[in-house]
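Have a look at my_file_22.cif below; it lists mmCIF, C-alpha atoms and all ligand atoms.
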data_upload
#
loop_
_atom_site.label_atom_id
_atom_site.label_comp_id
_atom_site.auth_asym_id
_atom_site.auth_seq_id
_atom_site.Cartn_x
_atom_site.Cartn_y
_atom_site.Cartn_z
CA MET A 25 12.21 76.15 160.41
CA LEU A 26 14.73 75.09 157.79
CA ILE A 27 13.87 73.84 154.32
CA THR A 28 16.59 71.94 152.51
CA CYS A 29 16.39 73.17 148.92
CA PRO A 30 17.59 70.46 146.51
CA TYR A 31 19.76 73.10 144.81
CA CYS A 32 20.83 75.50 147.60
CA GLY A 33 20.91 73.26 150.67
CA PRO A 34 19.38 74.06 154.07
CA ARG A 35 17.96 77.58 154.22
CA ASP A 36 15.87 79.57 156.66
CA VAL A 37 12.12 79.57 155.99
CA ILE A 38 12.29 83.36 155.49
CA GLU A 39 13.79 82.71 152.03
CA PHE A 40 10.74 80.70 150.93
CA THR A 41 7.23 81.64 149.82
CA TYR A 42 4.32 79.31 150.49
CA GLN A 43 2.51 78.56 147.24
CA GLY A 44 -0.33 76.56 148.69
CA ASP A 45 -1.66 73.08 149.14
CA GLY A 46 0.18 70.61 146.92
CA ASN A 47 -2.68 68.13 146.71
CA ARG A 48 -4.81 70.28 144.41
CA GLU A 49 -5.23 69.07 140.89
CA ARG A 50 -5.95 71.83 138.42
CA PRO A 51 -8.65 70.97 135.88
CA GLN A 52 -7.78 71.42 132.20
CA PRO A 53 -8.12 75.14 131.34
CA ALA A 54 -11.10 74.43 129.04
CA SER A 55 -12.86 72.27 131.57
CA GLN A 56 -16.45 73.23 132.37
CA ASP A 57 -16.67 70.79 135.27
CA LEU A 58 -17.76 73.21 137.98
CA ASP A 59 -17.36 70.65 140.76
CA ALA A 60 -13.74 70.06 139.72
CA TRP A 61 -13.04 73.82 139.69
CA ASN A 62 -14.79 74.23 143.01
CA ALA A 63 -12.67 71.46 144.52
CA TYR A 64 -9.50 73.00 143.05
CA VAL A 65 -10.25 76.42 144.52
CA TYR A 66 -11.82 75.54 147.86
CA ASP A 67 -11.39 71.95 148.99
CA ARG A 68 -8.47 71.42 151.38
CA LEU A 69 -7.52 68.42 153.48
CA ASN A 70 -6.23 70.54 156.38
CA PRO A 71 -4.55 67.53 158.02
CA ALA A 72 -3.04 67.44 161.50
CA GLY A 73 0.18 65.76 160.39
CA ASP A 74 2.08 65.39 157.14
CA HIS A 75 0.93 67.83 154.48
CA ASN A 76 1.88 68.08 150.83
CA GLU A 77 2.81 71.67 150.02
CA ILE A 78 4.24 73.78 147.22
CA TRP A 79 6.90 76.30 148.22
CA GLN A 80 9.06 78.59 146.11
CA HIS A 81 12.65 79.34 147.05
CA SER A 82 11.91 82.95 146.16
CA GLY A 83 14.88 84.36 148.09
CA GLY A 84 17.31 81.87 146.56
CA CYS A 85 17.33 79.83 143.37
CA ARG A 86 13.63 80.62 142.78
CA ALA A 87 12.80 76.97 142.06
CA HIS A 88 9.35 75.68 142.97
CA LEU A 89 9.49 72.86 145.47
CA ARG A 90 7.22 70.10 146.63
CA VAL A 91 7.56 69.89 150.39
CA VAL A 92 6.04 67.46 152.89
CA ARG A 93 5.68 69.34 156.17
CA ASN A 94 4.17 68.06 159.38
CA THR A 95 1.61 70.65 160.45
CA LEU A 96 1.96 69.64 164.12
CA THR A 97 5.75 69.58 164.45
CA HIS A 98 6.95 71.53 161.36
CA GLU A 99 9.19 68.56 160.63
CA ILE A 100 9.98 68.48 156.92
CA SER A 101 10.26 64.92 155.69
CA SER A 102 10.74 65.50 151.96
CA VAL A 103 11.72 68.27 149.52
CA ALA A 104 11.87 67.88 145.75
CA PHE A 105 11.62 70.05 142.65
CA THR A 106 7.96 70.35 141.61
CA ARG A 107 8.74 69.01 138.15
CA GLY A 108 7.66 65.41 138.25
CA HIS A 109 5.69 66.10 141.43
CA HIS A 110 2.92 63.75 140.35
CA LYS A 111 5.44 60.95 140.73
CA VAL A 112 6.38 62.20 144.18
CA ALA A 113 2.72 62.53 145.14
CA ALA A 114 2.06 59.00 143.95
CA ARG A 115 4.97 57.77 146.09
CA HIS A 116 3.70 59.64 149.13
CA LYS A 117 0.24 58.21 148.57
CA ALA A 118 1.75 54.73 148.32
CA GLU A 119 3.68 55.35 151.55
CA GLY A 120 0.48 56.51 153.23
CA LYS A 121 1.86 60.04 153.79
CA ILE A 122 -1.12 61.79 152.22
CA MET B 16 27.17 101.73 125.53
CA VAL B 17 25.34 104.19 127.72
CA GLU B 18 27.70 105.55 130.33
CA ARG B 19 26.85 104.19 133.76
CA GLN B 20 26.76 106.19 136.95
CA SER B 21 27.45 104.43 140.20
CA PRO B 22 24.57 104.41 142.68
CA LEU B 23 27.24 104.68 145.39
CA GLU B 24 28.50 108.20 144.66
CA PRO B 25 29.03 109.89 148.05
CA ALA B 26 26.82 112.81 149.08
CA PRO B 27 28.23 115.49 151.45
CA LEU B 28 26.54 114.03 154.55
CA GLU B 29 27.50 110.43 153.85
CA PRO B 30 31.13 110.06 154.91
CA GLU B 31 30.95 106.26 154.92
CA LEU B 32 30.74 106.27 151.12
CA ARG B 33 34.06 108.08 150.80
CA THR B 34 37.33 106.30 150.21
CA GLY B 35 39.44 106.00 153.34
CA SER B 36 39.35 104.37 156.76
CA HIS B 37 36.20 104.25 158.85
CA GLY B 38 34.84 102.78 162.05
CA ASP B 39 37.15 101.33 164.66
CA PHE B 40 40.24 101.33 162.42
CA GLU B 41 42.69 102.32 165.16
CA HIS B 42 43.02 98.63 165.99
CA GLY B 43 43.62 97.69 162.38
CA ILE B 44 41.54 97.42 159.23
CA GLU B 45 39.93 94.03 158.94
CA VAL B 46 37.51 94.63 156.08
CA ILE B 47 37.93 96.39 152.74
CA LEU B 48 34.83 97.45 150.80
CA SER B 49 34.85 98.42 147.14
CA GLU B 50 32.59 98.62 144.12
CA THR B 51 34.09 96.51 141.35
CA ARG B 52 32.04 98.04 138.49
CA PRO B 53 32.29 95.17 136.02
CA GLY B 54 31.40 96.10 132.44
CA SER B 55 29.21 93.04 131.93
CA ILE B 56 26.93 91.11 134.27
CA LEU B 57 24.90 88.42 132.51
CA GLN B 58 22.44 85.77 133.49
CA LEU B 59 22.50 82.67 131.29
CA ALA B 60 19.85 79.96 131.40
CA ALA B 61 19.75 76.62 129.60
CA TRP B 62 16.60 74.85 128.54
CA ARG B 63 16.11 71.42 130.04
CA GLY B 64 18.67 69.04 128.51
CA GLN B 65 20.82 71.90 127.15
CA GLU B 66 22.97 72.52 130.22
CA LYS B 67 26.09 70.84 128.76
CA GLU B 68 25.74 72.98 125.61
CA LEU B 69 25.47 76.11 127.72
CA ILE B 70 28.52 75.20 129.83
CA ALA B 71 30.50 74.52 126.64
CA GLY B 72 29.44 77.97 125.42
CA ILE B 73 30.58 79.59 128.66
CA ARG B 74 33.93 77.83 128.30
CA ASN B 75 34.33 78.96 124.69
CA VAL B 76 33.52 82.60 125.39
CA THR B 77 35.15 83.13 128.80
CA GLY B 78 37.78 80.40 129.05
CA LEU B 79 36.22 79.44 132.40
CA THR B 80 34.57 76.12 133.17
CA PRO B 81 32.04 76.08 135.98
CA PRO B 82 32.71 72.83 137.89
CA ASP B 83 29.87 70.33 138.29
CA GLY B 84 27.50 70.81 141.18
CA ALA B 85 24.95 73.24 142.53
CA GLY B 86 26.36 76.73 143.03
CA ALA B 87 29.80 75.78 141.71
CA GLY B 88 31.85 78.37 139.84
CA SER B 89 35.24 79.78 139.03
CA THR B 90 37.02 83.07 138.49
CA ASP B 91 40.27 84.23 136.91
CA GLY B 92 40.14 87.72 138.42
CA VAL B 93 38.82 89.27 135.19
CA ARG B 94 35.92 87.00 134.38
CA SER B 95 33.77 85.02 136.76
CA VAL B 96 31.05 82.43 136.47
CA PHE B 97 28.89 80.62 139.00
CA GLY B 98 25.66 78.64 139.06
CA PHE B 99 22.89 80.30 141.07
CA ALA B 100 19.89 78.08 140.24
CA PRO B 101 19.22 74.86 138.34
CA ARG B 102 20.59 75.35 134.78
CA LYS B 103 21.26 79.05 135.40
CA PHE B 104 24.57 80.89 135.64
CA THR B 105 25.79 84.38 136.36
CA VAL B 106 28.72 85.40 134.14
CA VAL B 107 30.69 88.58 134.80
CA ASP B 108 33.43 90.31 132.82
CA GLU B 109 35.44 93.46 133.59
CA ALA B 110 34.90 94.49 129.96
CA GLU B 111 31.65 95.55 128.36
CA GLY B 112 30.06 93.64 125.50
CA LEU B 113 29.91 90.12 126.93
CA ALA B 114 26.26 89.77 125.90
CA SER B 115 27.11 90.17 122.21
CA ALA B 116 29.91 87.62 122.58
CA PHE B 117 27.29 85.12 123.76
CA ALA B 118 24.70 86.05 121.13
CA GLY B 119 25.83 83.48 118.56
CA VAL B 120 26.76 80.87 121.18
CA VAL B 121 23.70 80.65 123.39
CA THR B 122 21.23 80.27 120.54
CA PRO B 123 17.47 80.17 121.12
CA ALA B 124 17.72 76.37 120.94
CA VAL B 125 20.17 76.30 123.87
CA GLY B 126 18.80 78.92 126.24
CA THR B 127 18.65 82.59 127.03
CA VAL B 128 21.02 85.50 127.71
CA THR B 129 19.83 88.31 129.97
CA ASP B 130 22.03 91.39 130.24
CA LEU B 131 21.90 92.72 133.81
CA SER B 132 24.99 94.96 133.49
CA HIS B 133 22.97 98.09 134.28
CA GLY B 134 20.64 96.39 136.74
CA ARG B 135 23.08 95.06 139.32
CA THR B 136 25.77 96.65 141.44
CA ALA B 137 28.81 94.57 142.36
CA ILE B 138 30.19 95.12 145.85
CA ARG B 139 33.38 93.44 147.02
CA ILE B 140 34.11 92.72 150.65
CA ALA B 141 37.60 91.47 151.46
CA GLY B 142 39.80 90.98 154.47
CA PRO B 143 40.21 88.71 157.48
CA LYS B 144 36.78 89.65 158.90
CA ALA B 145 34.82 89.53 155.61
CA GLU B 146 33.33 86.14 156.50
CA TRP B 147 32.47 87.40 159.97
CA VAL B 148 30.70 90.53 158.70
CA LEU B 149 28.74 88.59 156.06
CA ALA B 150 27.68 86.03 158.64
CA LYS B 151 25.81 88.87 160.37
CA PHE B 152 23.88 89.49 157.14
CA PHE B 153 23.09 86.15 155.61
CA ALA B 154 21.94 82.87 157.16
CA ILE B 155 24.31 80.71 155.11
CA ASP B 156 27.58 78.97 155.92
CA PHE B 157 30.53 81.13 154.83
CA ALA B 158 33.25 78.75 156.07
CA LEU B 159 35.67 77.85 153.30
CA PRO B 160 34.91 74.09 153.23
CA ALA B 161 31.15 74.82 152.86
CA PHE B 162 31.59 77.77 150.50
CA PRO B 163 34.70 77.18 148.37
CA VAL B 164 36.49 79.77 146.23
CA GLY B 165 34.60 80.32 142.97
CA ALA B 166 31.28 79.06 144.30
CA GLY B 167 28.14 81.20 144.27
CA ARG B 168 25.06 81.45 146.49
CA SER B 169 21.64 83.04 145.97
CA THR B 170 20.22 84.39 149.18
CA MET B 171 18.82 87.56 150.64
CA HIS B 172 19.28 90.14 153.34
CA HIS B 173 16.04 91.70 154.65
CA ASP B 174 14.31 90.90 151.35
CA VAL B 175 17.18 92.38 149.32
CA PHE B 176 18.06 89.57 146.93
CA ALA B 177 21.79 88.96 146.68
CA GLN B 178 24.05 86.71 144.70
CA ILE B 179 27.37 86.11 146.39
CA GLN B 180 30.48 84.63 144.81
CA ARG B 181 33.55 83.78 146.82
CA THR B 182 36.42 85.12 144.70
CA GLY B 183 39.18 84.51 147.25
CA ALA B 184 39.78 82.80 150.59
CA ASP B 185 38.76 86.03 152.33
CA GLN B 186 37.04 87.86 149.49
CA PHE B 187 33.40 87.89 148.31
CA ASP B 188 31.66 89.68 145.43
CA ILE B 189 28.03 90.52 146.13
CA TYR B 190 25.59 91.36 143.33
CA VAL B 191 22.54 93.32 144.45
CA PHE B 192 19.80 95.18 142.61
CA ARG B 193 21.13 98.58 141.62
CA SER B 194 18.22 100.38 143.31
CA PHE B 195 19.00 98.69 146.64
CA ALA B 196 22.77 99.02 146.35
CA ARG B 197 23.11 102.28 148.25
CA SER B 198 21.16 101.14 151.28
CA PHE B 199 22.83 97.73 151.18
CA TRP B 200 26.27 99.35 151.03
CA LYS B 201 25.47 101.54 154.03
CA ALA B 202 24.26 98.55 156.02
CA LEU B 203 27.49 96.76 155.12
CA CYS B 204 29.49 99.77 156.32
CA HIS B 205 27.62 99.88 159.62
CA ALA B 206 28.16 96.16 160.12
CA SER B 207 31.88 96.63 159.44
CA GLU B 208 32.36 99.54 161.85
CA GLU B 209 33.32 97.45 164.84
CA VAL B 210 36.17 95.71 163.00
CA GLY B 211 37.43 98.83 161.19
CA TYR B 212 36.95 99.11 157.44
CA GLU B 213 38.45 100.85 154.48
CA VAL B 214 36.52 102.01 151.43
CA GLN B 215 38.57 101.74 148.26
ZN ZN C 301 17.09 76.99 146.23
#

Spell out the structure here as structure tokens.
Amino acid sequence: MLITCPYCGPRDVIEFTYQGDGNRERPQPASQDLDAWNAYVYDRLNPAGDHNEIWQHSGGCRAHLRVVRNTLTHEISSVAFTRGHHKVAARHKAEGKI
Amino acid sequence: MVERQSPLEPAPLEPELRTGSHGDFEHGIEVILSETRPGSILQLAAWRGQEKELIAGIRNVTGLTPPDGAGAGSTDGVRSVFGFAPRKFTVVDEAEGLASAFAGVVTPAVGTVTDLSHGRTAIRIAGPKAEWVLAKFFAIDFALPAFPVGAGRSTMHHDVFAQIQRTGADQFDIYVFRSFARSFWKALCHASEEVGYEVQ
């Protein structure tokens, strides 16, 4: 599996660290909304298909990346820096990817 | 400055660390390995929006201008610079004291200066088979059009993080963590055996 880092170019998956589901939305640190915290910690979509993920190019430029990976085929349809990822997520939602 | 000791000093039972020819050198020496021991190895980082300031600072202090683009860099044989991550550069000088030269240039408003001079070991691999040997180590494209002279790459070999700068058509400088340098060097020697190598 290759991930094309926006800085480094295509690299083997061994250089990357999976940082978890990219659909989670972290509640404000002071939030006392237990349902929101519960959802953040435990609720996962676990789709069979395109999945929004956070990866870090830990064995390269160390940037955090927002990756859309197909859980059935491992096809990677999008990679972007995580900064501004809400915009990317909104676009993916609009395109029906998530 | 504290006097540095190389982590690559040969022990009696480690002939591959000694200067001279090793491996299958009867058919010619196709790789030359050396430790370049630069006096200064720095990591510079710019805050968001300050990258142009940082590059101007690098130009003022070193006389080198890193070209635009991810991983781009340049070298004049004494000083070297290359980008290794967004808004981050490695800058190397044969002389010590580069960090203090940057102190007034890379101000806290522009970014940060991290002195890695004692934390990294610089290993040079040169010769007609340098590309070939490195291709056994790292899953990146070492061909000249994909990896031009001056450019840098961040990658790793068996979890040993490495920054690689191409400093000549058939020459690469590899920066590894000092504590891994000895084992990395030995692996590089073993990988070079079949083409014949010289330690300088
Ligand atoms: Zn990268």

query = So how far away is atom CA of Val148 of chain B from atom CA of His172 of chain B, in Å?
reply =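 One can read the atom CA of His172 of chain B to atom CA of Val148 of chain B distance as 12.6 Å.
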
task = Could you tell me, counting all atoms listed in the file, which protein and nucleic acid residues lie no more than 7 Å from ligand ZN 301 (chain C), written as a list of chain:residue names?
result =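 Within the 7 Å cut-off, the matching residues are A:Cys29, A:Pro30, A:Tyr31, A:Cys32, A:Gly33, A:His81, A:Gly84, A:Cys85, A:Arg86, A:Ala87, B:Ala100.
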
Keeping only C-alpha atoms, take the residues you just selected and write them out as a PDB file, in the frame of the given file.
ATOM      1  CA  CYS A  29      16.390  73.170 148.920  1.00  0.00           C
ATOM      2  CA  PRO A  30      17.590  70.460 146.510  1.00  0.00           C
ATOM      3  CA  TYR A  31      19.760  73.100 144.810  1.00  0.00           C
ATOM      4  CA  CYS A  32      20.830  75.500 147.600  1.00  0.00           C
ATOM      5  CA  GLY A  33      20.910  73.260 150.670  1.00  0.00           C
ATOM      6  CA  HIS A  81      12.650  79.340 147.050  1.00  0.00           C
ATOM      7  CA  GLY A  84      17.310  81.870 146.560  1.00  0.00           C
ATOM      8  CA  CYS A  85      17.330  79.830 143.370  1.00  0.00           C
ATOM      9  CA  ARG A  86      13.630  80.620 142.780  1.00  0.00           C
ATOM     10  CA  ALA A  87      12.800  76.970 142.060  1.00  0.00           C
TER      11      ALA A  87
ATOM     12  CA  ALA B 100      19.890  78.080 140.240  1.00  0.00           C
TER      13      ALA B 100
END

task = Have a look at atom CA of Asp39 of chain B and atom CA of Ile140 of chain B and let me know their distance in Å, one decimal.
result =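 So the two atoms, atom CA of Asp39 of chain B and atom CA of Ile140 of chain B, lie 16.7 Å apart.
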
task = Write out as a PyMOL selection string every residue belonging to chain B that has an atom at most 12 Å from any atom of chain A, counting only C-alpha atoms.
result = chain B and resi 63+84-87+98-105+153-156+161-162+166-179

query = With distances taken over only C-alpha atoms, which of B:Gly183, B:Gly211, B:Gly134, B:Pro82 is nearest to Glu146 of chain B?
reply = B:Gly183

key: B:Leu203, B:Val17, B:Val106, B:Leu32 ranked by distance to Ser89 of chain B, top pick (using only C-alpha atoms)   =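 Residue with the minimum atom-to-atom distance to Ser89 of chain B: B:Val106.
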
message = One number please: atom CA of Ala202 of chain B to atom CA of Gly38 of chain B, in Å, one decimal.
response =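 Distance reported for this atom pair: 12.9 Å.
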
ask   = So which one's closest to Phe187 of chain B, B:Thr90, B:Ser115, B:Thr34, B:Gln215? Using all atoms listed in the file, please.
value =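 Closest residue, counting all atoms listed in the file: B:Thr90.
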
Residues within 12 Å of Tyr42 of chain A, all atoms listed in the file, excluding chain neighbours under 3 positions, as a ChimeraX atom specification = /A:27,37-39,45-46,76-83,88-91,93

Box centre and edge lengths (Å, one decimal), axis-aligned, segment 75-93 of chain A plus 6 Å each side, as JSON:
{"center_x": 9.1, "center_y": 75.9, "center_z": 149.1, "size_x": 28.4, "size_y": 28.9, "size_z": 26.1}

remark   = In terms of only C-alpha atoms, the residue from B:Ala145, B:Val46, B:Ala158, B:Thr136 at minimal distance from Ser198 of chain B is B:Thr136

request  = Would you kindly return, as a list in words, each protein, DNA or RNA residue with an atom no farther than 10 Å from any atom of Tyr64 of chain A, considering only C-alpha atoms and excluding same-chain residues fewer than 2 positions away?
outcome  = Asp45, Asn47, Arg48, Glu49, Arg50, Pro51, Leu58, Asp59, Ala60, Trp61, Asn62, Tyr66, Asp67 and Arg68 of chain A

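With only C-alpha atoms as the atoms that count, the residue of B:Arg197, B:Tyr212, B:Glu68, B:Gly126 with the shortest distance to Ala26 of chain B is B:Arg197.
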
message = Here is a test: counting all atoms listed in the file, which residue of A:Ala63, A:Ala54, A:Ile100, A:Leu69 is nearest to Leu26 of chain A?
response =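 Looking at the shortest contact to Leu26 of chain A, the residue is A:Ile100.
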
request  = Could you pull out every residue with an atom within 6 Å of (37.5, 91.8, 161.3), file coordinates, counting only C-alpha atoms, and send them as a PyMOL selection string?
outcome  = chain B and resi 45-46+143-144+210

message = I want to know what sits within 8 Å of segment 71-74 of chain A, based on all atoms listed in the file, with residues of the same chain fewer than 2 positions away left out; could you give that as a PyMOL selection string?
response = chain A and resi 69+76+92-97+121-122

Missing atoms in segment 99-125 of chain B: fill them in up to N, CA and C atoms and send the result as a PDB file, keeping the file's coordinate frame.
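What ended up in result-v6.pdb:
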ATOM      1  N   PHE B  99      23.677  79.729 139.960  1.00  0.00           N
ATOM      2  CA  PHE B  99      22.890  80.300 141.070  1.00  0.00           C
ATOM      3  C   PHE B  99      21.513  79.645 141.177  1.00  0.00           C
ATOM      4  N   ALA B 100      21.186  78.769 140.239  1.00  0.00           N
ATOM      5  CA  ALA B 100      19.890  78.080 140.240  1.00  0.00           C
ATOM      6  C   ALA B 100      20.042  76.922 139.258  1.00  0.00           C
ATOM      7  N   PRO B 101      19.109  75.969 139.293  1.00  0.00           N
ATOM      8  CA  PRO B 101      19.220  74.860 138.340  1.00  0.00           C
ATOM      9  C   PRO B 101      19.299  75.368 136.898  1.00  0.00           C
ATOM     10  N   ARG B 102      20.363  75.003 136.193  1.00  0.00           N
ATOM     11  CA  ARG B 102      20.590  75.350 134.780  1.00  0.00           C
ATOM     12  C   ARG B 102      20.760  76.842 134.531  1.00  0.00           C
ATOM     13  N   LYS B 103      21.100  77.605 135.567  1.00  0.00           N
ATOM     14  CA  LYS B 103      21.260  79.050 135.400  1.00  0.00           C
ATOM     15  C   LYS B 103      22.598  79.505 135.976  1.00  0.00           C
ATOM     16  N   PHE B 104      23.232  80.435 135.257  1.00  0.00           N
ATOM     17  CA  PHE B 104      24.570  80.890 135.640  1.00  0.00           C
ATOM     18  C   PHE B 104      24.652  82.416 135.560  1.00  0.00           C
ATOM     19  N   THR B 105      25.415  82.981 136.473  1.00  0.00           N
ATOM     20  CA  THR B 105      25.790  84.380 136.360  1.00  0.00           C
ATOM     21  C   THR B 105      27.195  84.422 135.779  1.00  0.00           C
ATOM     22  N   VAL B 106      27.400  85.268 134.759  1.00  0.00           N
ATOM     23  CA  VAL B 106      28.720  85.400 134.140  1.00  0.00           C
ATOM     24  C   VAL B 106      29.077  86.887 134.134  1.00  0.00           C
ATOM     25  N   VAL B 107      30.286  87.195 134.613  1.00  0.00           N
ATOM     26  CA  VAL B 107      30.690  88.580 134.800  1.00  0.00           C
ATOM     27  C   VAL B 107      32.026  88.800 134.089  1.00  0.00           C
ATOM     28  N   ASP B 108      32.176  89.959 133.490  1.00  0.00           N
ATOM     29  CA  ASP B 108      33.430  90.310 132.820  1.00  0.00           C
ATOM     30  C   ASP B 108      33.747  91.771 133.145  1.00  0.00           C
ATOM     31  N   GLU B 109      35.038  92.069 133.362  1.00  0.00           N
ATOM     32  CA  GLU B 109      35.440  93.460 133.590  1.00  0.00           C
ATOM     33  C   GLU B 109      35.088  94.332 132.388  1.00  0.00           C
ATOM     34  N   ALA B 110      35.142  93.721 131.187  1.00  0.00           N
ATOM     35  CA  ALA B 110      34.900  94.490 129.960  1.00  0.00           C
ATOM     36  C   ALA B 110      33.414  94.502 129.617  1.00  0.00           C
ATOM     37  N   GLU B 111      33.018  95.516 128.871  1.00  0.00           N
ATOM     38  CA  GLU B 111      31.650  95.550 128.360  1.00  0.00           C
ATOM     39  C   GLU B 111      31.518  94.606 127.170  1.00  0.00           C
ATOM     40  N   GLY B 112      30.305  94.351 126.758  1.00  0.00           N
ATOM     41  CA  GLY B 112      30.060  93.640 125.500  1.00  0.00           C
ATOM     42  C   GLY B 112      29.994  92.131 125.592  1.00  0.00           C
ATOM     43  N   LEU B 113      29.944  91.575 126.802  1.00  0.00           N
ATOM     44  CA  LEU B 113      29.910  90.120 126.930  1.00  0.00           C
ATOM     45  C   LEU B 113      28.629  89.524 126.336  1.00  0.00           C
ATOM     46  N   ALA B 114      27.536  90.286 126.419  1.00  0.00           N
ATOM     47  CA  ALA B 114      26.260  89.770 125.900  1.00  0.00           C
ATOM     48  C   ALA B 114      26.351  89.513 124.402  1.00  0.00           C
ATOM     49  N   SER B 115      27.029  90.411 123.661  1.00  0.00           N
ATOM     50  CA  SER B 115      27.110  90.170 122.210  1.00  0.00           C
ATOM     51  C   SER B 115      28.044  89.010 121.909  1.00  0.00           C
ATOM     52  N   ALA B 116      29.037  88.780 122.784  1.00  0.00           N
ATOM     53  CA  ALA B 116      29.910  87.620 122.580  1.00  0.00           C
ATOM     54  C   ALA B 116      29.125  86.310 122.719  1.00  0.00           C
ATOM     55  N   PHE B 117      28.090  86.332 123.546  1.00  0.00           N
ATOM     56  CA  PHE B 117      27.290  85.120 123.760  1.00  0.00           C
ATOM     57  C   PHE B 117      26.165  84.970 122.733  1.00  0.00           C
ATOM     58  N   ALA B 118      25.890  86.049 121.988  1.00  0.00           N
ATOM     59  CA  ALA B 118      24.700  86.050 121.130  1.00  0.00           C
ATOM     60  C   ALA B 118      24.675  84.861 120.167  1.00  0.00           C
ATOM     61  N   GLY B 119      25.823  84.570 119.521  1.00  0.00           N
ATOM     62  CA  GLY B 119      25.830  83.480 118.560  1.00  0.00           C
ATOM     63  C   GLY B 119      26.090  82.116 119.189  1.00  0.00           C
ATOM     64  N   VAL B 120      26.378  82.110 120.486  1.00  0.00           N
ATOM     65  CA  VAL B 120      26.760  80.870 121.180  1.00  0.00           C
ATOM     66  C   VAL B 120      25.570  80.271 121.914  1.00  0.00           C
ATOM     67  N   VAL B 121      24.910  81.110 122.704  1.00  0.00           N
ATOM     68  CA  VAL B 121      23.700  80.650 123.390  1.00  0.00           C
ATOM     69  C   VAL B 121      22.525  80.971 122.461  1.00  0.00           C
ATOM     70  N   THR B 122      22.295  80.070 121.531  1.00  0.00           N
ATOM     71  CA  THR B 122      21.230  80.270 120.540  1.00  0.00           C
ATOM     72  C   THR B 122      19.888  80.004 121.194  1.00  0.00           C
ATOM     73  N   PRO B 123      18.796  80.421 120.535  1.00  0.00           N
ATOM     74  CA  PRO B 123      17.470  80.170 121.120  1.00  0.00           C
ATOM     75  C   PRO B 123      17.207  78.685 121.385  1.00  0.00           C
ATOM     76  N   ALA B 124      17.919  77.807 120.694  1.00  0.00           N
ATOM     77  CA  ALA B 124      17.720  76.370 120.940  1.00  0.00           C
ATOM     78  C   ALA B 124      18.396  75.927 122.237  1.00  0.00           C
ATOM     79  N   VAL B 125      19.408  76.682 122.672  1.00  0.00           N
ATOM     80  CA  VAL B 125      20.170  76.300 123.870  1.00  0.00           C
ATOM     81  C   VAL B 125      19.589  76.934 125.127  1.00  0.00           C
TER      82      VAL B 125
END
